[in-house]
>>> print(open('upload-v3.txt').read())   # compact mmCIF, C-alpha atoms
# COMPACT_ATOMS: atom_id res chain seq x y z
CA MET A 5 155.77 89.09 99.18
CA PHE A 6 157.92 85.99 99.50
CA THR A 7 160.59 85.41 102.13
CA MET A 8 162.22 82.27 103.47
CA THR A 9 159.77 79.56 104.44
CA ASP A 10 160.35 77.16 107.33
CA THR A 11 158.60 73.80 107.62
CA HIS A 12 157.38 72.28 110.88
CA LYS A 13 156.03 68.92 112.00
CA ILE A 14 153.74 69.10 115.03
CA THR A 15 152.60 65.83 116.56
CA ARG A 16 149.37 65.66 118.56
CA ASP A 17 147.92 62.33 119.65
CA ASP A 18 147.39 60.28 116.49
CA VAL A 19 148.39 62.86 113.89
CA THR A 20 151.49 64.70 112.71
CA LEU A 21 150.58 68.07 111.23
CA HIS A 22 152.59 69.74 108.50
CA ALA A 23 152.91 73.52 108.85
CA GLU A 24 154.89 76.23 107.11
CA THR A 25 155.86 79.67 108.40
CA THR A 26 156.96 82.64 106.33
CA GLY A 27 158.25 85.98 107.51
CA PRO A 28 159.83 87.27 110.73
CA ALA A 29 159.27 85.18 113.87
CA ASP A 30 158.34 88.33 115.82
CA GLY A 31 155.92 89.69 113.21
CA PRO A 32 152.14 89.92 113.69
CA ALA A 33 150.71 86.44 113.13
CA LEU A 34 148.47 85.74 110.14
CA MET A 35 147.24 82.14 110.14
CA PHE A 36 145.44 80.37 107.29
CA ALA A 37 143.27 77.24 107.37
CA ASN A 38 142.30 75.60 104.08
CA SER A 39 139.15 73.96 102.77
CA LEU A 40 138.12 70.34 102.35
CA GLY A 41 140.07 68.74 99.51
CA THR A 42 142.83 71.36 99.36
CA ASN A 43 146.10 71.92 101.20
CA LEU A 44 148.14 74.90 102.37
CA HIS A 45 148.96 75.81 98.77
CA LEU A 46 145.43 77.20 98.50
CA TRP A 47 146.99 80.46 99.72
CA ASP A 48 150.07 80.61 97.49
CA GLY A 49 148.67 83.28 95.18
CA VAL A 50 147.57 85.47 98.07
CA LEU A 51 150.95 85.63 99.83
CA GLN A 52 152.72 87.68 97.19
CA HIS A 53 150.15 90.48 97.62
CA LEU A 54 150.48 90.80 101.40
CA PRO A 55 152.64 93.40 103.17
CA ALA A 56 156.11 92.51 104.37
CA GLY A 57 156.58 92.01 108.10
CA LEU A 58 153.78 89.52 108.75
CA ARG A 59 154.48 86.13 110.25
CA ILE A 60 152.39 83.85 108.04
CA ILE A 61 151.40 80.39 109.26
CA ARG A 62 149.80 77.84 106.95
CA TYR A 63 149.13 74.18 107.63
CA ASP A 64 147.61 71.05 106.15
CA MET A 65 144.59 69.73 108.02
CA ARG A 66 144.73 66.13 109.18
CA GLY A 67 144.13 63.78 106.28
CA HIS A 68 145.28 66.39 103.77
CA GLY A 69 148.52 67.47 102.11
CA LYS A 70 151.63 66.43 104.01
CA SER A 71 149.84 65.89 107.33
CA THR A 72 149.24 62.29 108.31
CA VAL A 73 145.98 60.47 107.66
CA PRO A 74 144.62 58.91 110.86
CA PRO A 75 141.60 56.62 110.57
CA GLY A 76 138.29 58.47 110.33
CA PRO A 77 135.81 59.72 111.11
CA TYR A 78 137.17 63.01 112.47
CA SER A 79 135.41 65.46 114.77
CA MET A 80 135.40 69.23 114.64
CA GLY A 81 136.81 69.18 118.15
CA ALA A 82 139.84 67.32 116.83
CA LEU A 83 140.30 69.81 113.97
CA VAL A 84 140.12 72.74 116.40
CA ALA A 85 142.57 71.01 118.75
CA ASP A 86 144.94 70.49 115.80
CA ALA A 87 144.95 74.23 115.05
CA GLU A 88 145.40 74.94 118.76
CA ALA A 89 148.39 72.59 118.92
CA ILE A 90 150.03 74.32 115.97
CA CYS A 91 149.53 77.73 117.59
CA ASP A 92 151.00 76.52 120.88
CA ALA A 93 153.94 74.75 119.22
CA LEU A 94 154.81 77.81 117.14
CA ASP A 95 154.10 80.30 119.96
CA VAL A 96 151.31 82.00 118.05
CA LYS A 97 149.26 84.54 119.99
CA ASP A 98 146.77 87.22 118.95
CA ALA A 99 146.65 85.98 115.37
CA LEU A 100 144.48 87.18 112.57
CA PHE A 101 142.99 83.82 111.54
CA VAL A 102 141.76 83.33 107.98
CA GLY A 103 139.66 80.23 107.41
CA LEU A 104 137.97 79.11 104.19
CA SER A 105 135.06 76.64 104.22
CA VAL A 106 135.85 74.01 106.90
CA GLY A 107 138.83 76.23 107.76
CA GLY A 108 136.31 78.92 108.69
CA MET A 109 134.54 76.47 110.98
CA VAL A 110 137.88 75.76 112.66
CA ALA A 111 138.34 79.52 113.06
CA GLN A 112 135.01 79.82 114.84
CA GLY A 113 135.71 76.86 117.12
CA LEU A 114 139.20 78.07 117.99
CA ALA A 115 137.98 81.59 118.73
CA VAL A 116 135.42 80.16 121.15
CA LYS A 117 137.91 77.82 122.82
CA ARG A 118 141.03 80.00 122.98
CA HIS A 119 140.44 83.75 123.06
CA ASP A 120 144.16 84.32 123.51
CA LEU A 121 145.05 82.85 120.12
CA ILE A 122 142.78 84.89 117.84
CA ARG A 123 142.28 88.64 117.94
CA ALA A 124 140.45 88.88 114.61
CA MET A 125 139.22 86.47 111.97
CA VAL A 126 138.22 86.23 108.33
CA LEU A 127 135.40 83.78 107.60
CA SER A 128 135.61 83.05 103.89
CA ASN A 129 133.02 80.93 102.09
CA THR A 130 131.97 79.21 105.29
CA ALA A 131 129.15 79.02 107.80
CA ALA A 132 128.28 77.99 111.33
CA LYS A 133 126.59 74.93 109.81
CA ILE A 134 127.20 73.60 106.31
CA GLY A 135 124.89 71.08 104.65
CA THR A 136 123.01 68.26 106.34
CA PRO A 137 124.18 64.96 107.83
CA LYS A 138 122.60 63.12 104.88
CA PHE A 139 124.42 65.30 102.33
CA TRP A 140 127.76 64.55 103.95
CA GLN A 141 127.03 60.86 104.44
CA ASP A 142 126.15 60.57 100.76
CA ARG A 143 129.47 62.21 99.91
CA ILE A 144 131.38 59.89 102.26
CA ASP A 145 129.70 56.88 100.66
CA ALA A 146 130.52 58.18 97.18
CA VAL A 147 134.19 58.68 98.03
CA HIS A 148 134.50 55.16 99.40
CA SER A 149 132.68 53.57 96.46
CA ASP A 150 133.87 55.66 93.50
CA GLY A 151 137.16 57.28 94.58
CA MET A 152 138.50 60.82 94.57
CA ALA A 153 138.85 61.28 90.80
CA LYS A 154 135.12 60.88 90.29
CA MET A 155 134.44 63.08 93.32
CA ALA A 156 136.59 65.79 91.76
CA GLU A 157 134.47 65.69 88.59
CA ALA A 158 131.39 66.44 90.71
CA VAL A 159 132.92 68.98 93.07
CA ILE A 160 134.97 71.23 90.74
CA PRO A 161 131.87 72.85 89.16
CA ARG A 162 130.72 73.76 92.68
CA TRP A 163 134.07 75.36 93.49
CA PHE A 164 134.52 77.91 90.72
CA GLY A 165 132.66 80.68 88.97
CA ARG A 166 131.68 80.55 85.30
CA ASP A 167 134.61 82.72 84.14
CA TYR A 168 137.18 80.40 85.72
CA LEU A 169 135.61 77.05 84.88
CA GLY A 170 136.86 75.61 81.62
CA THR A 171 140.17 77.47 81.76
CA PRO A 172 143.51 75.66 82.14
CA ALA A 173 143.87 77.25 85.59
CA VAL A 174 141.31 74.78 86.96
CA GLN A 175 143.45 71.69 86.35
CA PRO A 176 145.91 72.11 89.26
CA TRP A 177 142.99 72.39 91.70
CA LYS A 178 141.34 69.34 90.19
CA ASP A 179 144.64 67.48 90.55
CA MET A 180 144.95 68.60 94.19
CA LEU A 181 141.45 67.38 95.00
CA SER A 182 141.94 64.09 93.15
CA ALA A 183 145.18 63.44 95.05
CA THR A 184 143.55 63.90 98.46
CA ASP A 185 143.48 60.70 100.50
CA PRO A 186 139.88 59.38 100.50
CA VAL A 187 140.15 58.47 104.19
CA GLY A 188 141.20 62.03 105.03
CA TYR A 189 138.53 63.53 102.80
CA ALA A 190 135.77 61.39 104.28
CA GLY A 191 137.09 62.10 107.77
CA ILE A 192 136.73 65.85 107.31
CA CYS A 193 133.27 65.37 105.75
CA ALA A 194 132.22 63.66 108.98
CA ALA A 195 133.57 66.56 111.05
CA ILE A 196 131.56 69.08 109.02
CA ALA A 197 128.44 66.92 109.23
CA GLY A 198 128.56 66.95 113.03
CA THR A 199 129.10 70.71 113.43
CA ASP A 200 126.56 73.37 114.33
CA PHE A 201 128.24 76.51 115.66
CA TYR A 202 125.26 78.87 115.58
CA THR A 203 125.05 79.22 119.37
CA PRO A 204 128.79 79.44 120.22
CA THR A 205 129.55 81.74 117.28
CA SER A 206 126.76 84.10 118.32
CA GLY A 207 128.64 84.61 121.59
CA LEU A 208 131.87 85.74 119.92
CA ARG A 209 133.01 89.35 120.25
CA LEU A 210 135.99 89.96 117.98
CA SER A 211 136.68 91.78 114.73
CA THR A 212 135.34 89.62 111.92
CA MET A 213 135.20 89.93 108.15
CA GLY A 214 133.08 87.61 106.04
CA ILE A 215 133.83 86.91 102.38
CA ALA A 216 131.50 85.16 99.94
CA GLY A 217 131.58 84.36 96.24
CA SER A 218 128.46 85.30 94.29
CA GLU A 219 128.60 82.00 92.36
CA ASP A 220 129.56 79.77 95.29
CA GLN A 221 127.39 76.63 95.16
CA SER A 222 128.87 75.13 98.33
CA THR A 223 128.35 78.01 100.77
CA PRO A 224 126.08 80.55 99.03
CA PRO A 225 126.41 84.24 99.98
CA ASP A 226 123.25 84.30 102.10
CA LEU A 227 124.58 81.42 104.21
CA VAL A 228 127.91 83.17 104.76
CA ARG A 229 126.20 86.44 105.61
CA GLU A 230 123.87 84.72 108.09
CA THR A 231 126.86 83.36 110.00
CA VAL A 232 128.87 86.59 109.92
CA ASP A 233 125.84 88.53 111.13
CA LEU A 234 125.86 86.44 114.33
CA ILE A 235 128.92 88.44 115.44
CA PRO A 236 128.18 92.08 116.36
CA GLY A 237 130.15 94.68 114.41
CA SER A 238 131.23 92.24 111.70
CA GLU A 239 131.61 93.19 108.05
CA PHE A 240 130.69 91.28 104.90
CA HIS A 241 132.09 91.41 101.37
CA LEU A 242 130.72 89.76 98.24
CA MET A 243 133.22 88.85 95.51
CA ARG A 244 131.27 88.88 92.27
CA ARG A 245 131.52 86.17 89.61
CA LEU A 246 133.65 84.04 91.92
CA GLY A 247 132.88 80.66 93.49
CA HIS A 248 133.87 78.74 96.60
CA LEU A 249 137.64 79.33 96.40
CA PRO A 250 138.12 83.07 95.74
CA SER A 251 141.69 82.92 97.04
CA ALA A 252 142.42 80.60 94.10
CA GLU A 253 140.31 82.34 91.45
CA ASP A 254 141.36 85.92 92.19
CA PRO A 255 144.12 85.95 94.82
CA GLU A 256 144.94 89.62 94.24
CA ALA A 257 141.38 90.75 94.94
CA PHE A 258 141.20 88.42 97.95
CA ALA A 259 144.46 89.88 99.28
CA GLU A 260 143.11 93.40 98.75
CA LEU A 261 140.18 92.63 101.06
CA LEU A 262 142.53 91.02 103.56
CA ASN A 263 144.94 93.96 103.51
CA GLY A 264 142.09 96.38 104.14
CA PHE A 265 140.98 94.32 107.12
CA ILE A 266 144.55 94.18 108.45
CA ALA A 267 144.66 97.96 108.29
CA ARG A 268 141.24 98.49 109.88
CA THR A 269 142.01 96.15 112.79
CA GLY A 270 145.45 97.67 113.36
CA HIS A 271 146.97 94.21 113.13
CA MET A 272 150.34 95.54 111.98
CA SER A 273 150.48 98.61 114.19
>>> encode(input="upload-v3.txt", output="structure tokens")
Amino acid sequence: MFTMTDTHKITRDDVTLHAETTGPADGPALMFANSLGTNLHLWDGVLQHLPAGLRIIRYDMRGHGKSTVPPGPYSMGALVADAEAICDALDVKDALFVGLSVGGMVAQGLAVKRHDLIRAMVLSNTAAKIGTPKFWQDRIDAVHSDGMAKMAEAVIPRWFGRDYLGTPAVQPWKDMLSATDPVGYAGICAAIAGTDFYTPTSGLRLSTMGIAGSEDQSTPPDLVRETVDLIPGSEFHLMRRLGHLPSAEDPEAFAELLNGFIARTGHMS
């Protein structure tokens, strides 16, 4: 499914956020939030497999893509407020929010803060808490000392499953990661490092689907499942032989899970 895409610039405090909308303005809202080191094009392959009639909203997180790069470090509160500002500017209500990795953390924070904006969410390859402060500080230090190209060499094997690694399809994602502004990348690392959503997420009561990749080295399946299980009535799906970015590795299978969830939640009814 591809229809005309509109671009938007939403300014909030020290950042101008780049967003794109596709589909009818009065359609049910489906909002995507990308991972660290990627931009809104993470979802390109998924869109063509979604049903017509949805209003699809994608955006670049601060420090990524075509959004501006304010000085770091960033906080998770700022990332959540960015998503909130986009929803308010574009009059988004009762969205199905799909977040991958740090995007899934934003989903959790936004659902806690603004019940009116999210009626259901997909937590893909994410958790209530990811890594340790030392892990993220080491990564921040490495980015500042060695640059993004060397970081990409280390991170790409953590992103993809064995079937996908080594194929030409990996190169565009490596290029995307390498092109990420190091200030923006380190800023998001700091936001992840300071986040522990176990308590607030356990208080959520909304339809939730978790997705994990069996070969994900960044957010292993057990970590994803642990977070999803905090929310009563949630469901969990394991995508086999895939890594941290299943929407990139197998967008059709990812969309199939998403379409099933859309149907089960009555999001298009």
>>> closest_residue(input="upload-v3.txt", among="A:Pro236, A:Gly41, A:Gly217, A:Gly207", to="A:Val106", atoms="all atoms listed in the file")
A:Gly41
>>> closest_residue(input="upload-v3.txt", among="A:Ala89, A:Leu51, A:Ile144, A:Leu94", to="A:Arg118", atoms="only C-alpha atoms")
A:Ala89
>>> residues_around(input="upload-v3.txt", residues="A:Pro255", least_positions_apart="5", cutoff="9 Å", atoms="only C-alpha atoms", output="count of residues only")
8
>>> atom_distance(input="upload-v3.txt", atom1="atom CA of A:Glu253", atom2="atom CA of A:Ser79")
29.2 Å
>>> axis_aligned_box(input="upload-v3.txt", around="stretch 11-20 of chain A", padding_each_side="5 Å", output="JSON")
{"center_x": 153.0, "center_y": 67.0, "center_z": 113.6, "size_x": 21.2, "size_y": 23.5, "size_z": 22.0}
>>> residues_around(input="upload-v3.txt", residues="stretch 190-193 of chain A", least_positions_apart="3", cutoff="12 Å", atoms="all atoms listed in the file", output="count of residues only")
53
>>> atom_distance(input="upload-v3.txt", atom1="atom CA of A:Val102", atom2="atom CA of A:Ala115")
11.5 Å
>>> atom_distance(input="upload-v3.txt", atom1="atom CA of A:Met35", atom2="atom CA of A:Ala93")
13.5 Å
>>> closest_residue(input="upload-v3.txt", among="A:Pro224, A:Gly188, A:Gly237, A:Gly27", to="A:Ser206", atoms="only C-alpha atoms")
A:Gly237
>>> closest_residue(input="upload-v3.txt", among="A:Asp254, A:Glu88, A:Asp98, A:Asp226", to="A:Asp167", atoms="all atoms listed in the file")
A:Asp254
>>> closest_residue(input="upload-v3.txt", among="A:Pro172, A:Gly69, A:Gly113, A:Gly103", to="A:Thr130", atoms="all atoms listed in the file")
A:Gly103
>>> residues_near_point(input="upload-v3.txt", point="(123.2, 75.2, 110.2)", cutoff="7 Å", atoms="all atoms listed in the file", output="PyMOL selection string")
chain A and resi 132-134+200+202
>>> residues_around(input="upload-v3.txt", residues="A:Val228", least_positions_apart="2", cutoff="12 Å", atoms="only C-alpha atoms", output="PyMOL selection string")
chain A and resi 104-105+108-109+126-134+202+213-218+220-226+230-235+238-242+248
>>> residues_around(input="upload-v3.txt", residues="A:Thr9", least_positions_apart="5", cutoff="8 Å", atoms="only C-alpha atoms", output="list in words")
Glu24, Thr25, Thr26 and Gly27 of chain A
>>> residues_near_point(input="upload-v3.txt", point="(161.0, 85.9, 115.0)", cutoff="12 Å", atoms="all atoms listed in the file", output="list in words")
Asp10, Thr25, Thr26, Gly27, Pro28, Ala29, Asp30, Gly31, Pro32, Ala33, Gly57, Leu58, Arg59, Ile60, Leu94, Asp95 and Val96 of chain A
>>> residues_around(input="upload-v3.txt", residues="A:Thr20", least_positions_apart="6", cutoff="8 Å", atoms="all atoms listed in the file", output="number ranges by chain")
A: 13-14, 66, 71-72
